[in-house]
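> I'm passing along protein-v5.tsv; it holds TSV, C-alpha atoms and all ligand atoms.
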chain	number	residue	atom	x	y	z
A	1	MET	CA	-28.98	-16.48	3.92
A	2	ALA	CA	-29.43	-12.72	4.30
A	3	ILE	CA	-26.22	-11.64	2.60
A	4	ALA	CA	-24.31	-12.86	-0.45
A	5	LYS	CA	-22.62	-16.25	0.08
A	6	LYS	CA	-19.32	-14.96	-1.25
A	7	LEU	CA	-19.27	-12.03	1.14
A	8	GLN	CA	-20.26	-14.27	4.01
A	9	GLN	CA	-17.28	-16.51	3.23
A	10	SER	CA	-14.99	-13.47	3.03
A	11	LEU	CA	-16.21	-12.30	6.42
A	12	GLY	CA	-14.72	-15.48	7.85
A	13	SER	CA	-11.43	-15.43	5.97
A	14	SER	CA	-10.67	-11.71	6.33
A	15	SER	CA	-10.95	-11.65	10.07
A	16	LEU	CA	-7.32	-12.07	11.20
A	17	ILE	CA	-6.42	-8.39	11.36
A	18	ARG	CA	-9.90	-7.49	12.55
A	19	GLN	CA	-9.67	-10.07	15.35
A	20	MET	CA	-6.36	-8.54	16.35
A	21	PHE	CA	-7.89	-5.08	16.39
A	22	GLU	CA	-10.84	-6.22	18.51
A	23	GLU	CA	-8.56	-8.08	20.91
A	24	GLY	CA	-6.50	-4.88	21.26
A	25	GLU	CA	-9.59	-2.85	22.13
A	26	ARG	CA	-10.65	-5.47	24.68
A	27	ARG	CA	-7.23	-5.50	26.31
A	28	LYS	CA	-6.98	-1.70	26.38
A	29	ALA	CA	-10.32	-1.52	28.21
A	30	LEU	CA	-9.16	-4.21	30.64
A	31	TYR	CA	-5.56	-3.17	31.36
A	32	GLY	CA	-5.40	0.50	30.29
A	33	GLU	CA	-4.29	2.07	27.02
A	34	ASP	CA	-0.66	2.50	28.13
A	35	LYS	CA	-0.27	-1.18	29.09
A	36	VAL	CA	-1.11	-2.49	25.63
A	37	PHE	CA	1.35	-2.37	22.72
A	38	ASP	CA	-0.97	-2.43	19.75
A	39	PHE	CA	1.29	-2.65	16.72
A	40	SER	CA	-1.31	-4.35	14.57
A	41	LEU	CA	-2.64	-1.55	12.36
A	42	GLY	CA	-0.73	0.77	10.03
A	43	ASN	CA	-2.68	3.81	11.23
A	44	PRO	CA	-0.07	6.50	11.97
A	45	VAL	CA	-0.45	8.39	15.26
A	46	PHE	CA	1.41	11.41	13.86
A	47	GLU	CA	-0.49	14.51	12.77
A	48	PRO	CA	-0.34	15.75	9.17
A	49	PRO	CA	2.28	18.42	8.35
A	50	LYS	CA	1.26	21.94	9.49
A	51	GLN	CA	0.87	23.12	5.89
A	52	VAL	CA	-2.12	20.79	5.46
A	53	LYS	CA	-4.14	22.43	8.22
A	54	ALA	CA	-3.18	25.91	7.01
A	55	ALA	CA	-4.20	25.11	3.43
A	56	LEU	CA	-7.52	23.61	4.53
A	57	GLN	CA	-8.25	26.62	6.75
A	58	ALA	CA	-7.54	28.98	3.85
A	59	LEU	CA	-9.80	26.96	1.53
A	60	ILE	CA	-12.64	26.88	4.03
A	61	ALA	CA	-12.29	30.63	4.70
A	62	SER	CA	-12.37	31.46	0.99
A	63	ASP	CA	-15.60	32.77	-0.52
A	64	ARG	CA	-14.88	31.25	-3.90
A	65	PRO	CA	-18.21	29.82	-5.07
A	66	GLY	CA	-18.60	26.21	-6.13
A	67	GLN	CA	-15.80	24.70	-4.07
A	68	HIS	CA	-17.97	21.82	-2.98
A	69	ARG	CA	-19.81	21.09	-6.19
A	70	TYR	CA	-19.60	18.07	-8.49
A	71	MET	CA	-16.68	18.33	-10.87
A	72	PRO	CA	-15.42	16.35	-13.87
A	73	ASN	CA	-15.16	12.72	-12.73
A	74	ALA	CA	-11.39	12.63	-13.28
A	75	GLY	CA	-10.90	15.51	-10.83
A	76	LEU	CA	-9.83	19.14	-10.84
A	77	ALA	CA	-7.69	20.11	-13.83
A	78	GLY	CA	-5.31	22.24	-11.73
A	79	THR	CA	-4.54	19.42	-9.28
A	80	ARG	CA	-4.14	16.86	-12.03
A	81	SER	CA	-1.78	19.08	-13.96
A	82	TYR	CA	0.25	19.77	-10.76
A	83	LEU	CA	0.59	15.99	-10.18
A	84	ALA	CA	1.42	15.36	-13.85
A	85	GLY	CA	4.28	17.85	-13.47
A	86	LYS	CA	5.65	15.93	-10.50
A	87	LEU	CA	5.39	12.61	-12.34
A	88	ALA	CA	7.14	14.10	-15.38
A	89	LEU	CA	10.04	15.20	-13.16
A	90	GLU	CA	10.34	11.76	-11.54
A	91	SER	CA	10.07	9.75	-14.73
A	92	GLY	CA	11.40	12.01	-17.48
A	93	LEU	CA	8.19	11.23	-19.42
A	94	GLU	CA	5.66	13.70	-20.78
A	95	PHE	CA	2.76	13.29	-18.40
A	96	GLY	CA	-0.25	15.50	-19.03
A	97	ALA	CA	-3.14	16.31	-16.69
A	98	GLU	CA	-5.28	13.85	-18.66
A	99	ASP	CA	-3.00	10.96	-17.60
A	100	VAL	CA	-3.92	11.57	-13.94
A	101	VAL	CA	-7.26	10.66	-12.35
A	102	MET	CA	-8.01	11.69	-8.77
A	103	THR	CA	-9.28	8.82	-6.60
A	104	VAL	CA	-10.63	7.94	-3.20
A	105	GLY	CA	-7.29	6.82	-1.74
A	106	ALA	CA	-4.97	4.19	-3.19
A	107	GLY	CA	-7.61	1.55	-2.42
A	108	GLY	CA	-10.06	3.44	-4.61
A	109	ALA	CA	-7.43	3.82	-7.34
A	110	LEU	CA	-6.73	0.07	-7.34
A	111	ASN	CA	-10.43	-0.77	-7.63
A	112	VAL	CA	-10.86	1.67	-10.49
A	113	ILE	CA	-7.82	0.25	-12.32
A	114	LEU	CA	-8.91	-3.35	-11.81
A	115	LYS	CA	-12.46	-2.62	-12.95
A	116	THR	CA	-10.99	-0.98	-16.06
A	117	LEU	CA	-8.71	-3.91	-16.92
A	118	LEU	CA	-10.33	-7.15	-15.86
A	119	ASP	CA	-12.60	-9.55	-17.69
A	120	PRO	CA	-14.05	-12.46	-15.71
A	121	GLY	CA	-11.37	-15.07	-15.01
A	122	ASP	CA	-8.42	-12.79	-15.80
A	123	GLU	CA	-5.47	-13.47	-13.52
A	124	VAL	CA	-3.60	-10.83	-11.56
A	125	LEU	CA	-0.19	-11.79	-10.20
A	126	VAL	CA	0.66	-10.63	-6.68
A	127	LEU	CA	3.95	-11.19	-4.89
A	128	ARG	CA	3.66	-12.76	-1.47
A	129	PRO	CA	3.66	-11.60	1.23
A	130	TYR	CA	1.21	-8.88	0.19
A	131	PHE	CA	-1.49	-6.50	1.43
A	132	VAL	CA	-4.37	-8.91	1.63
A	133	GLU	CA	-7.01	-6.42	0.47
A	134	TYR	CA	-5.60	-7.10	-3.01
A	135	ASP	CA	-7.43	-10.45	-3.02
A	136	PHE	CA	-10.74	-8.70	-2.41
A	137	TYR	CA	-10.08	-5.87	-4.85
A	138	ILE	CA	-9.21	-8.31	-7.63
A	139	ASP	CA	-12.21	-10.51	-6.83
A	140	ASN	CA	-14.50	-7.43	-6.81
A	141	HIS	CA	-13.97	-7.16	-10.55
A	142	GLY	CA	-14.14	-10.82	-11.50
A	143	GLY	CA	-10.38	-11.37	-11.49
A	144	VAL	CA	-8.41	-14.18	-9.90
A	145	PRO	CA	-5.43	-13.35	-7.67
A	146	VAL	CA	-2.43	-15.61	-8.30
A	147	SER	CA	0.20	-15.36	-5.61
A	148	VAL	CA	3.83	-15.80	-6.59
A	149	PRO	CA	6.66	-16.34	-4.06
A	150	THR	CA	9.44	-13.79	-3.67
A	151	LEU	CA	13.15	-14.34	-3.00
A	152	PRO	CA	14.31	-14.67	0.64
A	153	ASP	CA	14.90	-10.88	0.71
A	154	PHE	CA	11.28	-10.39	-0.48
A	155	THR	CA	12.29	-8.96	-3.87
A	156	PRO	CA	10.68	-10.33	-7.07
A	157	ASP	CA	11.65	-13.86	-8.07
A	158	LEU	CA	11.78	-13.58	-11.86
A	159	ALA	CA	11.91	-17.32	-12.45
A	160	ALA	CA	8.80	-17.88	-10.32
A	161	LEU	CA	7.06	-15.02	-12.09
A	162	ALA	CA	7.98	-16.33	-15.53
A	163	GLN	CA	6.49	-19.67	-14.56
A	164	ALA	CA	3.25	-18.13	-13.28
A	165	ILE	CA	2.56	-16.09	-16.43
A	166	ASN	CA	0.07	-17.73	-18.79
A	167	PRO	CA	-2.50	-16.64	-21.40
A	168	LYS	CA	-4.94	-15.61	-18.63
A	169	THR	CA	-2.43	-13.22	-17.03
A	170	LYS	CA	-3.77	-9.68	-17.34
A	171	ALA	CA	-1.65	-7.79	-14.83
A	172	LEU	CA	1.09	-7.86	-12.23
A	173	LEU	CA	0.44	-5.85	-9.07
A	174	ILE	CA	3.53	-4.67	-7.17
A	175	ASN	CA	3.99	-2.58	-4.04
A	176	SER	CA	7.28	-0.84	-3.24
A	177	PRO	CA	7.98	0.36	-0.54
A	178	ASN	CA	6.17	-2.72	0.60
A	179	ASN	CA	3.53	-3.52	3.15
A	180	PRO	CA	4.27	-5.78	5.09
A	181	THR	CA	8.05	-6.12	4.48
A	182	GLY	CA	9.23	-2.50	4.04
A	183	VAL	CA	11.33	-3.64	1.07
A	184	VAL	CA	12.06	-1.11	-1.73
A	185	TYR	CA	12.77	-2.46	-5.22
A	186	SER	CA	15.88	-1.09	-6.93
A	187	ALA	CA	15.94	0.44	-10.43
A	188	GLN	CA	17.68	-2.69	-11.66
A	189	GLN	CA	15.07	-5.01	-10.17
A	190	LEU	CA	12.32	-2.94	-11.79
A	191	ALA	CA	14.14	-2.94	-15.12
A	192	GLU	CA	14.48	-6.73	-15.01
A	193	LEU	CA	10.82	-7.04	-14.14
A	194	GLY	CA	9.95	-4.75	-17.05
A	195	ALA	CA	12.10	-6.78	-19.44
A	196	LEU	CA	10.35	-10.00	-18.38
A	197	LEU	CA	6.91	-8.44	-18.84
A	198	GLU	CA	7.84	-7.11	-22.28
A	199	GLN	CA	9.09	-10.48	-23.39
A	200	LYS	CA	6.06	-12.35	-22.02
A	201	SER	CA	3.58	-9.79	-23.42
A	202	ARG	CA	5.12	-10.25	-26.85
A	203	ALA	CA	4.91	-14.02	-26.58
A	204	LEU	CA	1.29	-13.90	-25.37
A	205	GLY	CA	0.22	-11.34	-27.96
A	206	HIS	CA	-1.42	-9.11	-25.34
A	207	PRO	CA	0.01	-6.62	-22.86
A	208	ILE	CA	0.52	-7.59	-19.24
A	209	HIS	CA	-0.25	-4.40	-17.31
A	210	LEU	CA	2.07	-3.48	-14.48
A	211	ILE	CA	0.06	-1.91	-11.63
A	212	SER	CA	2.29	-0.18	-9.12
A	213	ASP	CA	0.77	0.54	-5.71
A	214	GLU	CA	2.91	3.24	-4.10
A	215	PRO	CA	1.26	4.88	-1.09
A	216	TYR	CA	4.55	4.57	0.86
A	217	ARG	CA	6.75	6.13	-1.86
A	218	ALA	CA	7.76	9.14	0.29
A	219	ILE	CA	8.48	7.06	3.39
A	220	VAL	CA	12.01	5.82	2.86
A	221	PHE	CA	15.13	5.84	5.01
A	222	ASP	CA	18.88	6.41	4.63
A	223	ARG	CA	18.21	8.78	1.69
A	224	LEU	CA	17.02	5.91	-0.41
A	225	GLU	CA	15.35	6.90	-3.70
A	226	VAL	CA	12.34	4.99	-4.94
A	227	PRO	CA	12.95	4.54	-8.68
A	228	SER	CA	10.18	5.47	-11.10
A	229	VAL	CA	8.35	2.39	-12.30
A	230	PHE	CA	7.40	4.30	-15.47
A	231	LYS	CA	11.01	4.12	-16.66
A	232	ALA	CA	11.02	0.34	-16.36
A	233	TYR	CA	8.04	-0.67	-18.48
A	234	PRO	CA	5.62	1.07	-20.86
A	235	ASN	CA	2.29	-0.55	-19.94
A	236	CYS	CA	2.27	0.74	-16.44
A	237	ILE	CA	-0.43	2.27	-14.18
A	238	LEU	CA	0.30	3.89	-10.83
A	239	ALA	CA	-2.02	3.86	-7.80
A	240	THR	CA	-1.14	6.06	-4.86
A	241	SER	CA	-2.46	8.33	-2.11
A	242	SER	CA	-1.66	10.89	0.55
A	243	SER	CA	-2.71	8.47	3.30
A	244	LYS	CA	0.83	7.83	4.48
A	245	ASP	CA	3.07	10.69	3.32
A	246	LEU	CA	0.68	13.39	4.58
A	247	ALA	CA	-0.79	11.15	7.33
A	248	LEU	CA	-4.31	11.63	5.92
A	249	PRO	CA	-5.73	8.10	5.65
A	250	GLY	CA	-9.14	9.21	6.90
A	251	GLU	CA	-9.47	11.88	4.20
A	252	ARG	CA	-9.38	9.39	1.33
A	253	ILE	CA	-7.39	11.29	-1.26
A	254	GLY	CA	-5.27	9.58	-3.90
A	255	TYR	CA	-4.77	9.31	-7.63
A	256	LEU	CA	-3.94	6.96	-10.45
A	257	ALA	CA	-1.71	7.73	-13.40
A	258	VAL	CA	-1.48	6.01	-16.77
A	259	SER	CA	1.95	5.94	-18.40
A	260	PRO	CA	2.29	8.21	-21.44
A	261	ARG	CA	4.02	5.18	-23.01
A	262	HIS	CA	1.06	2.85	-22.38
A	263	GLN	CA	0.08	1.22	-25.69
A	264	ASP	CA	-3.62	1.82	-24.92
A	265	ARG	CA	-3.10	5.13	-23.15
A	266	ALA	CA	-6.29	6.89	-24.27
A	267	LEU	CA	-8.52	3.84	-23.79
A	268	VAL	CA	-7.20	3.06	-20.32
A	269	ARG	CA	-7.59	6.70	-19.28
A	270	ALA	CA	-11.18	6.82	-20.53
A	271	GLY	CA	-11.91	3.46	-18.89
A	272	THR	CA	-10.68	4.61	-15.49
A	273	VAL	CA	-12.80	7.78	-15.59
A	274	LEU	CA	-15.93	5.76	-16.37
A	275	ALA	CA	-15.06	3.12	-13.76
A	276	LEU	CA	-14.57	5.83	-11.11
A	277	ARG	CA	-18.04	7.13	-11.84
A	278	THR	CA	-19.88	3.83	-12.10
A	279	LEU	CA	-18.26	2.42	-8.97
A	280	GLY	CA	-20.08	5.25	-7.22
A	281	PHE	CA	-17.02	7.27	-6.20
A	282	VAL	CA	-18.15	9.98	-8.70
A	283	ASN	CA	-15.05	12.03	-7.88
A	284	ALA	CA	-12.40	12.23	-5.18
A	285	PRO	CA	-13.04	14.59	-2.21
A	286	ALA	CA	-12.99	18.16	-3.53
A	287	LEU	CA	-11.34	20.00	-0.63
A	288	MET	CA	-8.52	17.48	-0.50
A	289	GLN	CA	-7.93	17.88	-4.22
A	290	ARG	CA	-7.73	21.64	-3.79
A	291	MET	CA	-5.36	21.28	-0.87
A	292	LEU	CA	-2.71	19.12	-2.59
A	293	PRO	CA	-1.02	21.76	-4.82
A	294	LEU	CA	-1.02	24.18	-1.87
A	295	VAL	CA	1.17	21.89	0.28
A	296	ASP	CA	3.73	21.05	-2.39
A	297	GLY	CA	6.76	19.35	-0.88
A	298	ALA	CA	5.23	18.73	2.55
A	299	ARG	CA	5.39	15.30	4.12
A	300	VAL	CA	5.38	13.73	7.56
A	301	ASP	CA	8.59	13.86	9.58
A	302	LEU	CA	10.52	10.70	8.73
A	303	GLY	CA	12.71	11.03	11.84
A	304	PRO	CA	10.48	9.06	14.25
A	305	TYR	CA	9.86	6.33	11.66
A	306	GLN	CA	13.54	5.82	11.02
A	307	LYS	CA	14.30	5.85	14.75
A	308	ASN	CA	11.56	3.28	15.41
A	309	ARG	CA	12.79	1.08	12.60
A	310	ASP	CA	16.35	1.16	13.91
A	311	LEU	CA	15.34	0.50	17.51
A	312	LEU	CA	13.15	-2.47	16.66
A	313	TYR	CA	15.37	-3.91	13.96
A	314	ASP	CA	18.51	-3.82	16.13
A	315	HIS	CA	16.64	-5.20	19.12
A	316	LEU	CA	15.06	-8.10	17.24
A	317	ARG	CA	18.32	-8.99	15.52
A	318	GLY	CA	19.98	-8.89	18.95
A	319	LEU	CA	17.39	-11.38	20.15
A	320	GLY	CA	18.39	-13.67	17.30
A	321	LEU	CA	15.39	-13.16	15.00
A	322	GLU	CA	15.87	-13.13	11.25
A	323	CYS	CA	14.60	-9.95	9.62
A	324	VAL	CA	15.12	-8.16	6.31
A	325	LYS	CA	16.03	-4.52	7.06
A	326	PRO	CA	13.26	-2.36	5.61
A	327	GLY	CA	14.21	0.52	3.33
A	328	GLY	CA	10.83	2.20	3.72
A	329	ALA	CA	7.15	2.16	4.81
A	330	PHE	CA	6.61	1.62	8.55
A	331	TYR	CA	6.56	-2.13	9.00
A	332	LEU	CA	8.97	-4.90	9.97
A	333	PHE	CA	8.33	-8.46	8.88
A	334	PRO	CA	10.58	-10.74	10.95
A	335	LYS	CA	10.63	-14.52	10.86
A	336	ALA	CA	8.86	-16.00	13.87
A	337	PRO	CA	11.02	-18.24	16.06
A	338	ILE	CA	8.45	-21.06	15.52
A	339	GLU	CA	6.76	-22.18	12.34
A	340	ASP	CA	3.26	-21.48	13.62
A	341	ASP	CA	2.92	-17.72	13.30
A	342	LEU	CA	-0.61	-17.84	14.74
A	343	GLU	CA	0.65	-19.48	17.92
A	344	PHE	CA	3.48	-16.95	18.16
A	345	VAL	CA	1.12	-14.00	17.77
A	346	LYS	CA	-1.22	-15.53	20.36
A	347	ALA	CA	1.65	-15.77	22.85
A	348	ALA	CA	2.46	-12.10	22.12
A	349	GLN	CA	-1.16	-11.21	22.84
A	350	GLU	CA	-0.88	-12.74	26.30
A	351	LEU	CA	1.86	-10.16	26.95
A	352	ASN	CA	-0.39	-7.35	25.64
A	353	LEU	CA	1.72	-7.09	22.49
A	354	LEU	CA	-0.42	-7.08	19.36
A	355	LEU	CA	1.15	-8.21	16.11
A	356	VAL	CA	-0.25	-9.56	12.85
A	357	PRO	CA	0.62	-13.11	11.73
A	358	GLY	CA	2.34	-13.53	8.37
A	359	SER	CA	-0.60	-15.71	7.31
A	360	ALA	CA	-2.66	-12.53	7.10
A	361	PHE	CA	-0.34	-11.52	4.25
A	362	ARG	CA	-0.32	-15.05	2.79
A	363	LEU	CA	3.11	-15.99	4.16
A	364	LYS	CA	3.20	-18.31	7.15
A	365	GLY	CA	6.05	-18.34	9.68
A	366	TYR	CA	6.46	-14.54	9.86
A	367	PHE	CA	4.80	-11.69	11.71
A	368	ARG	CA	4.30	-7.99	11.03
A	369	ILE	CA	5.02	-5.11	13.38
A	370	ALA	CA	3.60	-1.69	12.46
A	371	TYR	CA	5.83	0.98	14.02
A	372	CYS	CA	4.00	4.20	13.11
A	373	PHE	CA	3.75	5.10	16.80
A	374	GLU	CA	5.56	7.32	19.33
A	375	THR	CA	9.16	6.28	19.88
A	376	ALA	CA	8.56	6.14	23.66
A	377	LYS	CA	5.95	3.43	23.03
A	378	ILE	CA	8.37	1.47	20.87
A	379	GLU	CA	11.08	1.79	23.54
A	380	ALA	CA	8.71	0.59	26.24
A	381	SER	CA	7.82	-2.45	24.13
A	382	LEU	CA	11.39	-3.71	23.75
A	383	PRO	CA	11.49	-5.70	27.04
A	384	VAL	CA	8.14	-7.27	26.08
A	385	PHE	CA	9.62	-8.49	22.78
A	386	GLU	CA	12.52	-9.91	24.77
A	387	ARG	CA	10.20	-11.84	27.11
A	388	LEU	CA	8.23	-13.11	24.15
A	389	VAL	CA	11.22	-14.38	22.16
A	390	LYS	CA	12.77	-15.97	25.26
A	391	GLN	CA	9.63	-18.07	25.68
A	392	PHE	CA	10.52	-19.80	22.42
A	393	SER	CA	14.27	-20.19	22.77
B	401	LIG	C1	0.02	-1.57	0.32
B	401	LIG	C2	-1.18	-0.73	0.51
B	401	LIG	N1	-1.89	-0.38	-0.56
B	401	LIG	C3	-3.00	0.38	-0.45
B	401	LIG	C4	-3.42	0.82	0.78
B	401	LIG	C5	-4.67	1.64	0.85
B	401	LIG	O1	-4.33	2.97	1.01
B	401	LIG	P1	-5.43	4.12	1.05
B	401	LIG	O2	-5.70	4.41	2.49
B	401	LIG	O3	-4.81	5.27	0.36
B	401	LIG	O4	-6.63	3.62	0.35
B	401	LIG	C6	-2.71	0.48	1.93
B	401	LIG	C7	-3.18	0.91	3.25
B	401	LIG	O5	-2.67	0.58	4.28
B	401	LIG	C8	-1.55	-0.31	1.80
B	401	LIG	O6	-0.82	-0.67	2.84
So that I can check it, write out the structure of this file as structure tokens.

Amino acid sequence: MAIAKKLQQSLGSSSLIRQMFEEGERRKALYGEDKVFDFSLGNPVFEPPKQVKAALQALIASDRPGQHRYMPNAGLAGTRSYLAGKLALESGLEFGAEDVVMTVGAGGALNVILKTLLDPGDEVLVLRPYFVEYDFYIDNHGGVPVSVPTLPDFTPDLAALAQAINPKTKALLINSPNNPTGVVYSAQQLAELGALLEQKSRALGHPIHLISDEPYRAIVFDRLEVPSVFKAYPNCILATSSSKDLALPGERIGYLAVSPRHQDRALVRAGTVLALRTLGFVNAPALMQRMLPLVDGARVDLGPYQKNRDLLYDHLRGLGLECVKPGGAFYLFPKAPIEDDLEFVKAAQELNLLLVPGSAFRLKGYFRIAYCFETAKIEASLPVFERLVKQFS
């Protein structure tokens, strides 16, 4: 075998979303781009806020020497201290620049954190449904993902979590606002989660790290606030990026932050900086780091996302589908009208409507719609959803 057996196996099991993507490309070539409703990938069609382009143009035009050189692995001090200031405001805690490490997107941040924390066989709890890359990220560093069910509204099920925690549990990985459900955890839910982790950590005699993956933090509706996870639990590490809030997923800029209250604050910080280097990231993209403080406060227009959410949610509910109303991100995760989500998604494909089965997020019987597209496209898709659901009623 020419490639590693494990990777070869993963190639087979990770193909659901990829298959969907390839099928979309095939159908677009066959029927025309405008005839295919490809809601499979969370790749926003909207451009970044104007300030981003202006800041990048100014940086490129500047004659300041050394802009593109290697830098300290953790990133530029100015950017890190700017982000620490923002975190301090959100959490009320004394973040310093040294608590922040610039990363290659949230995916890069998660890999750095997991490499820092995991010994072979350590378990990482994930709440299903979840972003399936987590399985690969955890496995990359010798860990074992353990999936725990959520309540019917997709919020954490504390009893199920309590049952899953055992001496091998090293971390809990959460994601709010959530992909694929759009659910946002409340301050109370986070506090209860924190209390459970504190109690279990004490009983186990080692800390259970709470890893909070928050690339959708700024994408929330109805003036919802995403509570700071740092207030809920001391041994907490944040992973995030500008992929969604500045619509820059291709630029790969993100960061991680270690709680000032983390019991191993200095060690975890040092570990992440070394992990970033030895994973071969070396440092996060320099121009993007320089750009961030210059666009303070900018984010994508939430108007189209909220409109798309409302249009789709109301329409699907009107068609009789069960769906939790998302508070953020840009996904809906309705219950399929039949148990077999793969069959349902296949039927949708025949109508040139591309969705992702819940199985791709480890929860059968559901499907995900990404709605980070023009509202006109969403509007045009509504009759197609109607035809699809009617086939099963
Ligand atoms: C829940 C979640 N975490 C992490 C990522 C990775 O984000 P990034 O592009 O910043 O690496 C994504 C991307 O879609 C995501 O949905």
> Tell me, as a PyMOL selection string, which residues lie within 9 Å of segment 296-298 of chain A, counting all atoms listed in the file; anything in the same chain fewer than 4 positions away does not count.
chain A and resi 49-52+245-246+292
> I want to know what sits within 12 Å of Met20 of chain A, based on all atoms listed in the file, with residues of the same chain fewer than 2 positions away left out; could you give that as a PDB file with C-alpha atoms, keeping the file's coordinate frame?

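Output file result10.pdb follows:
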ATOM      1  CA  SER A  14     -10.670 -11.710   6.330  1.00  0.00           C
ATOM      2  CA  SER A  15     -10.950 -11.650  10.070  1.00  0.00           C
ATOM      3  CA  LEU A  16      -7.320 -12.070  11.200  1.00  0.00           C
ATOM      4  CA  ILE A  17      -6.420  -8.390  11.360  1.00  0.00           C
ATOM      5  CA  ARG A  18      -9.900  -7.490  12.550  1.00  0.00           C
ATOM      6  CA  GLU A  22     -10.840  -6.220  18.510  1.00  0.00           C
ATOM      7  CA  GLU A  23      -8.560  -8.080  20.910  1.00  0.00           C
ATOM      8  CA  GLY A  24      -6.500  -4.880  21.260  1.00  0.00           C
ATOM      9  CA  GLU A  25      -9.590  -2.850  22.130  1.00  0.00           C
ATOM     10  CA  ARG A  26     -10.650  -5.470  24.680  1.00  0.00           C
ATOM     11  CA  ARG A  27      -7.230  -5.500  26.310  1.00  0.00           C
ATOM     12  CA  PHE A  37       1.350  -2.370  22.720  1.00  0.00           C
ATOM     13  CA  ASP A  38      -0.970  -2.430  19.750  1.00  0.00           C
ATOM     14  CA  PHE A  39       1.290  -2.650  16.720  1.00  0.00           C
ATOM     15  CA  SER A  40      -1.310  -4.350  14.570  1.00  0.00           C
ATOM     16  CA  LEU A  41      -2.640  -1.550  12.360  1.00  0.00           C
ATOM     17  CA  LEU A 342      -0.610 -17.840  14.740  1.00  0.00           C
ATOM     18  CA  VAL A 345       1.120 -14.000  17.770  1.00  0.00           C
ATOM     19  CA  LYS A 346      -1.220 -15.530  20.360  1.00  0.00           C
ATOM     20  CA  ALA A 348       2.460 -12.100  22.120  1.00  0.00           C
ATOM     21  CA  GLN A 349      -1.160 -11.210  22.840  1.00  0.00           C
ATOM     22  CA  ASN A 352      -0.390  -7.350  25.640  1.00  0.00           C
ATOM     23  CA  LEU A 353       1.720  -7.090  22.490  1.00  0.00           C
ATOM     24  CA  LEU A 354      -0.420  -7.080  19.360  1.00  0.00           C
ATOM     25  CA  LEU A 355       1.150  -8.210  16.110  1.00  0.00           C
ATOM     26  CA  VAL A 356      -0.250  -9.560  12.850  1.00  0.00           C
ATOM     27  CA  PRO A 357       0.620 -13.110  11.730  1.00  0.00           C
ATOM     28  CA  ALA A 360      -2.660 -12.530   7.100  1.00  0.00           C
ATOM     29  CA  ARG A 368       4.300  -7.990  11.030  1.00  0.00           C
TER      30      ARG A 368
END
> Could you produce a table of the residues of chain A lying within 7 Å of ligand LIG 401 (chain B), with the nearest pair of atoms per residue and their separation in Å rounded to one decimal, using all atoms listed in the file, ordered by chain and increasing residue number, as JSON lines?

{"residue": "A:Gly42", "atom": "CA", "partner": "B:LIG401", "partner_atom": "O5", "distance": 6.1}
{"residue": "A:Val104", "atom": "CA", "partner": "B:LIG401", "partner_atom": "O4", "distance": 6.9}
{"residue": "A:Gly105", "atom": "CA", "partner": "B:LIG401", "partner_atom": "O3", "distance": 3.6}
{"residue": "A:Ala106", "atom": "CA", "partner": "B:LIG401", "partner_atom": "O3", "distance": 3.7}
{"residue": "A:Gly107", "atom": "CA", "partner": "B:LIG401", "partner_atom": "O4", "distance": 3.6}
{"residue": "A:Gly108", "atom": "CA", "partner": "B:LIG401", "partner_atom": "O4", "distance": 6.0}
{"residue": "A:Phe131", "atom": "CA", "partner": "B:LIG401", "partner_atom": "C1", "distance": 5.3}
{"residue": "A:Asn175", "atom": "CA", "partner": "B:LIG401", "partner_atom": "C1", "distance": 6.0}
{"residue": "A:Asn178", "atom": "CA", "partner": "B:LIG401", "partner_atom": "C1", "distance": 6.3}
{"residue": "A:Asn179", "atom": "CA", "partner": "B:LIG401", "partner_atom": "C1", "distance": 4.9}
{"residue": "A:Asp213", "atom": "CA", "partner": "B:LIG401", "partner_atom": "N1", "distance": 5.9}
{"residue": "A:Glu214", "atom": "CA", "partner": "B:LIG401", "partner_atom": "N1", "distance": 7.0}
{"residue": "A:Pro215", "atom": "CA", "partner": "B:LIG401", "partner_atom": "N1", "distance": 6.2}
{"residue": "A:Thr240", "atom": "CA", "partner": "B:LIG401", "partner_atom": "O3", "distance": 6.4}
{"residue": "A:Ser241", "atom": "CA", "partner": "B:LIG401", "partner_atom": "O3", "distance": 4.6}
{"residue": "A:Ser242", "atom": "CA", "partner": "B:LIG401", "partner_atom": "O3", "distance": 6.4}
{"residue": "A:Ser243", "atom": "CA", "partner": "B:LIG401", "partner_atom": "O3", "distance": 4.8}
{"residue": "A:Pro249", "atom": "CA", "partner": "B:LIG401", "partner_atom": "O2", "distance": 4.9}
{"residue": "A:Arg252", "atom": "CA", "partner": "B:LIG401", "partner_atom": "O3", "distance": 6.2}
{"residue": "A:Ile253", "atom": "CA", "partner": "B:LIG401", "partner_atom": "O3", "distance": 6.7}
{"residue": "A:Gly254", "atom": "CA", "partner": "B:LIG401", "partner_atom": "O3", "distance": 6.1}
> Under the rule that only C-alpha atoms are counted, which of A:Ile378, A:Leu319, A:Leu388, A:Val324 is the nearest residue to Tyr366 of chain A?
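Smallest separation from Tyr366 of chain A among the options: A:Val324.
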> Can you list, as JSON, numbers by chain, every protein, DNA or RNA residue that comes within 10 Å of segment 194-206 of chain A when you count all atoms listed in the file, leaving out same-chain residues fewer than 3 positions away?
{"A": [158, 159, 161, 162, 165, 166, 167, 168, 169, 170, 171, 172, 188, 189, 190, 191, 209, 210, 229, 230, 231, 232, 233, 234, 235, 236]}
> Restricting the calculation to all atoms listed in the file, which member of A:Gln391, A:Gln289, A:Thr181, A:Asn283 is positioned closest to Pro337 of chain A?
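Between A:Gln391, A:Gln289, A:Thr181, A:Asn283, the residue approaching Pro337 of chain A most closely is A:Gln391.
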